[in-house]
$ cat final.cif   # mmCIF, C-alpha atoms
data_run
#
loop_
_atom_site.label_atom_id
_atom_site.label_comp_id
_atom_site.auth_asym_id
_atom_site.auth_seq_id
_atom_site.Cartn_x
_atom_site.Cartn_y
_atom_site.Cartn_z
CA MET A 17 89.53 45.41 -18.10
CA ILE A 18 89.77 41.64 -18.39
CA ASN A 19 89.17 39.70 -15.20
CA HIS A 20 91.79 36.95 -15.47
CA HIS A 21 90.48 35.17 -12.35
CA ALA A 22 87.00 34.89 -13.88
CA ILE A 23 88.43 33.55 -17.14
CA LYS A 24 90.53 30.98 -15.24
CA ALA A 25 87.49 29.88 -13.19
CA TYR A 26 85.43 29.48 -16.38
CA GLN A 27 88.18 27.42 -18.03
CA THR A 28 88.41 25.18 -14.96
CA VAL A 29 84.64 24.57 -14.92
CA GLU A 30 84.66 23.91 -18.66
CA GLN A 31 87.50 21.37 -18.29
CA ASP A 32 85.77 19.71 -15.31
CA LEU A 33 82.60 19.25 -17.38
CA LEU A 34 84.58 17.69 -20.23
CA VAL A 35 86.29 15.23 -17.88
CA GLU A 36 83.15 14.41 -15.86
CA GLY A 37 81.22 12.93 -18.78
CA ALA A 38 84.15 11.42 -20.65
CA ASP A 39 84.74 7.74 -21.33
CA PRO A 40 88.30 6.39 -20.83
CA HIS A 41 89.19 6.86 -24.52
CA SER A 42 88.06 10.49 -24.42
CA LEU A 43 89.97 11.10 -21.19
CA VAL A 44 93.18 10.05 -22.92
CA GLN A 45 92.36 12.40 -25.79
CA ILE A 46 91.86 15.22 -23.27
CA LEU A 47 95.30 14.45 -21.81
CA PHE A 48 96.87 14.55 -25.28
CA THR A 49 95.22 17.93 -25.90
CA GLU A 50 96.42 19.29 -22.56
CA PHE A 51 99.92 17.98 -23.26
CA LEU A 52 100.06 19.61 -26.70
CA VAL A 53 98.60 22.95 -25.59
CA SER A 54 100.94 23.09 -22.60
CA LEU A 55 103.93 22.47 -24.87
CA GLU A 56 102.76 25.18 -27.27
CA LEU A 57 102.40 27.62 -24.37
CA THR A 58 105.85 26.62 -23.05
CA ILE A 59 107.42 27.33 -26.43
CA ALA A 60 105.60 30.66 -26.70
CA ALA A 61 106.78 31.62 -23.21
CA LEU A 62 110.38 30.78 -24.14
CA GLU A 63 110.10 32.83 -27.33
CA ARG A 64 109.15 35.89 -25.28
CA SER A 65 111.63 35.05 -22.48
CA ASP A 66 108.87 34.63 -19.89
CA LEU A 67 110.52 32.08 -17.63
CA ALA A 68 107.75 32.08 -15.02
CA ALA A 69 105.16 31.15 -17.67
CA LYS A 70 107.58 28.59 -19.15
CA SER A 71 107.86 26.95 -15.75
CA ALA A 72 104.08 26.84 -15.22
CA HIS A 73 103.35 25.42 -18.66
CA ILE A 74 106.16 22.84 -18.71
CA THR A 75 104.89 21.61 -15.34
CA LYS A 76 101.46 21.01 -16.89
CA ALA A 77 103.03 19.25 -19.87
CA MET A 78 105.06 17.03 -17.52
CA MET A 79 101.93 16.19 -15.55
CA ALA A 80 100.01 15.25 -18.71
CA CYS A 81 102.93 13.06 -19.78
CA HIS A 82 103.00 11.40 -16.36
CA LEU A 83 99.25 10.77 -16.42
CA LEU A 84 99.46 9.26 -19.89
CA ALA A 85 102.30 7.00 -18.78
CA THR A 86 100.51 5.85 -15.63
CA SER A 87 97.29 5.17 -17.54
CA LEU A 88 98.94 2.51 -19.71
CA ASP A 89 97.47 -0.98 -19.40
CA PHE A 90 100.45 -3.30 -19.70
CA GLU A 91 98.36 -6.41 -19.13
CA ASN A 92 96.08 -5.81 -22.11
CA GLY A 93 98.28 -3.41 -24.10
CA GLY A 94 101.25 -5.70 -24.59
CA GLN A 95 104.02 -4.33 -26.79
CA VAL A 96 102.04 -1.19 -27.68
CA ALA A 97 101.86 -0.20 -24.01
CA ALA A 98 105.56 -0.96 -23.54
CA SER A 99 106.46 1.14 -26.60
CA LEU A 100 104.30 4.04 -25.41
CA ALA A 101 105.95 3.86 -21.97
CA GLU A 102 109.35 4.25 -23.66
CA ILE A 103 108.07 7.16 -25.76
CA TYR A 104 106.62 8.93 -22.72
CA GLU A 105 109.91 8.50 -20.84
CA TRP A 106 111.78 9.92 -23.86
CA CYS A 107 109.33 12.85 -23.89
CA ARG A 108 109.93 13.48 -20.21
CA LEU A 109 113.69 13.57 -20.71
CA LYS A 110 113.41 15.81 -23.79
CA MET A 111 111.10 18.19 -21.92
CA LEU A 112 113.60 18.37 -19.05
CA GLU A 113 116.32 19.19 -21.57
CA GLY A 114 114.10 21.77 -23.23
CA SER A 115 113.23 23.38 -19.93
CA VAL A 116 116.70 23.42 -18.37
CA LYS A 117 118.47 24.56 -21.54
CA ASN A 118 115.59 26.69 -22.90
CA ASN A 119 115.84 24.47 -25.97
CA ILE A 120 112.82 25.14 -28.18
CA PRO A 121 113.73 22.49 -30.83
CA ALA A 122 113.68 19.78 -28.13
CA LEU A 123 110.18 20.86 -27.09
CA GLN A 124 109.06 21.01 -30.73
CA GLU A 125 110.33 17.46 -31.23
CA VAL A 126 108.22 16.26 -28.29
CA HIS A 127 105.21 18.20 -29.62
CA LYS A 128 105.49 16.53 -33.03
CA THR A 129 105.78 13.07 -31.49
CA ILE A 130 102.77 13.56 -29.21
CA ALA A 131 100.75 15.17 -32.03
CA ASP A 132 101.35 12.05 -34.16
CA ILE A 133 100.27 9.74 -31.33
CA SER A 134 97.25 11.93 -30.57
CA SER A 135 96.22 11.83 -34.22
CA ALA A 136 96.44 8.04 -34.26
CA TRP A 137 94.45 7.88 -31.02
CA SER A 138 91.73 10.06 -32.58
CA GLN A 139 91.54 7.73 -35.58
CA ILE A 140 90.98 4.77 -33.26
CA SER A 141 88.04 6.63 -31.75
CA ALA A 142 86.62 7.49 -35.17
CA LYS A 143 86.84 3.86 -36.33
CA ALA A 144 85.14 2.60 -33.17
CA ALA A 145 82.22 5.01 -33.63
#
$ encode --input "final.cif" --output "structure tokens"
Amino acid sequence: MINHHAIKAYQTVEQDLLVEGADPHSLVQILFTEFLVSLELTIAALERSDLAAKSAHITKAMMACHLLATSLDFENGGQVAASLAEIYEWCRLKMLEGSVKNNIPALQEVHKTIADISSAWSQISAKAA
């Protein structure tokens, strides 16, 4: 029998270790990953009509979106930060629509947008290294 509490505890410790040693750029990448995984789990929950799981996962996706939005540096980021703020707000509204209406295409649209931004963010990291 699988001990789900033990698995959850292990995942929490693993995530804490990732965050603890991460630089700011890596922390943003972790948020993108959490955002994308949470959206994927939300979509999967909707596909199997598991509304409790949908609620839990969309909440995590919303939190990741909020953290990404509040981490923007408008002073140094200029127009890029302003554009990202608009995108994150659009994502938030689309996720609300997807959650309230159980609209999988809306959630997939957000996933694609964030996946594109995450990919670009990863390339910045690779170029800096």
$ closest_atom_pairs --input "final.cif" --of "stretch 71-103 of chain A" --to "stretch 51-55 of chain A" --cutoff "6 Å" --atoms "all atoms listed in the file" --output "Markdown table"
| residue | atom | partner | partner_atom | distance |
| --- | --- | --- | --- | --- |
| A:His73 | CA | A:Ser54 | CA | 5.2 |
| A:Ala77 | CA | A:Phe51 | CA | 4.8 |
| A:Ala80 | CA | A:Phe51 | CA | 5.3 |
$ atom_distance --input "final.cif" --atom1 "atom CA of A:Leu43" --atom2 "atom CA of A:Ile130"
15.3 Å
$ residues_around --input "final.cif" --residues "stretch 105-113 of chain A" --least-positions-apart "5" --cutoff "7 Å" --atoms "all atoms listed in the file" --output "list in words"
Met78, Asn119, Ala122, Leu123 and Val126 of chain A
$ residues_near_point --input "final.cif" --point "(104.5, 26.1, -25.5)" --cutoff "12 Å" --atoms "all atoms listed in the file" --output "ChimeraX atom specification"
/A:50-67,69-77,111,114-115,118-127
$ write_last_selection --input "final.cif" --atoms "C-alpha atoms" --output "tab-separated table (two decimals), in the frame of the given file"
chain	number	residue	atom	x	y	z
A	50	GLU	CA	96.42	19.29	-22.56
A	51	PHE	CA	99.92	17.98	-23.26
A	52	LEU	CA	100.06	19.61	-26.70
A	53	VAL	CA	98.60	22.95	-25.59
A	54	SER	CA	100.94	23.09	-22.60
A	55	LEU	CA	103.93	22.47	-24.87
A	56	GLU	CA	102.76	25.18	-27.27
A	57	LEU	CA	102.40	27.62	-24.37
A	58	THR	CA	105.85	26.62	-23.05
A	59	ILE	CA	107.42	27.33	-26.43
A	60	ALA	CA	105.60	30.66	-26.70
A	61	ALA	CA	106.78	31.62	-23.21
A	62	LEU	CA	110.38	30.78	-24.14
A	63	GLU	CA	110.10	32.83	-27.33
A	64	ARG	CA	109.15	35.89	-25.28
A	65	SER	CA	111.63	35.05	-22.48
A	66	ASP	CA	108.87	34.63	-19.89
A	67	LEU	CA	110.52	32.08	-17.63
A	69	ALA	CA	105.16	31.15	-17.67
A	70	LYS	CA	107.58	28.59	-19.15
A	71	SER	CA	107.86	26.95	-15.75
A	72	ALA	CA	104.08	26.84	-15.22
A	73	HIS	CA	103.35	25.42	-18.66
A	74	ILE	CA	106.16	22.84	-18.71
A	75	THR	CA	104.89	21.61	-15.34
A	76	LYS	CA	101.46	21.01	-16.89
A	77	ALA	CA	103.03	19.25	-19.87
A	111	MET	CA	111.10	18.19	-21.92
A	114	GLY	CA	114.10	21.77	-23.23
A	115	SER	CA	113.23	23.38	-19.93
A	118	ASN	CA	115.59	26.69	-22.90
A	119	ASN	CA	115.84	24.47	-25.97
A	120	ILE	CA	112.82	25.14	-28.18
A	121	PRO	CA	113.73	22.49	-30.83
A	122	ALA	CA	113.68	19.78	-28.13
A	123	LEU	CA	110.18	20.86	-27.09
A	124	GLN	CA	109.06	21.01	-30.73
A	125	GLU	CA	110.33	17.46	-31.23
A	126	VAL	CA	108.22	16.26	-28.29
A	127	HIS	CA	105.21	18.20	-29.62
$ closest_residue --input "final.cif" --among "A:Ala101, A:Val116, A:Val44, A:Gly93" --to "A:Ser134" --atoms "all atoms listed in the file"
A:Val44
$ closest_residue --input "final.cif" --among "A:Ile133, A:Asp39, A:Ile46, A:Glu102" --to "A:Ala85" --atoms "all atoms listed in the file"
A:Glu102
$ atom_distance --input "final.cif" --atom1 "atom CA of A:Ala68" --atom2 "atom CA of A:Thr49"
21.8 Å
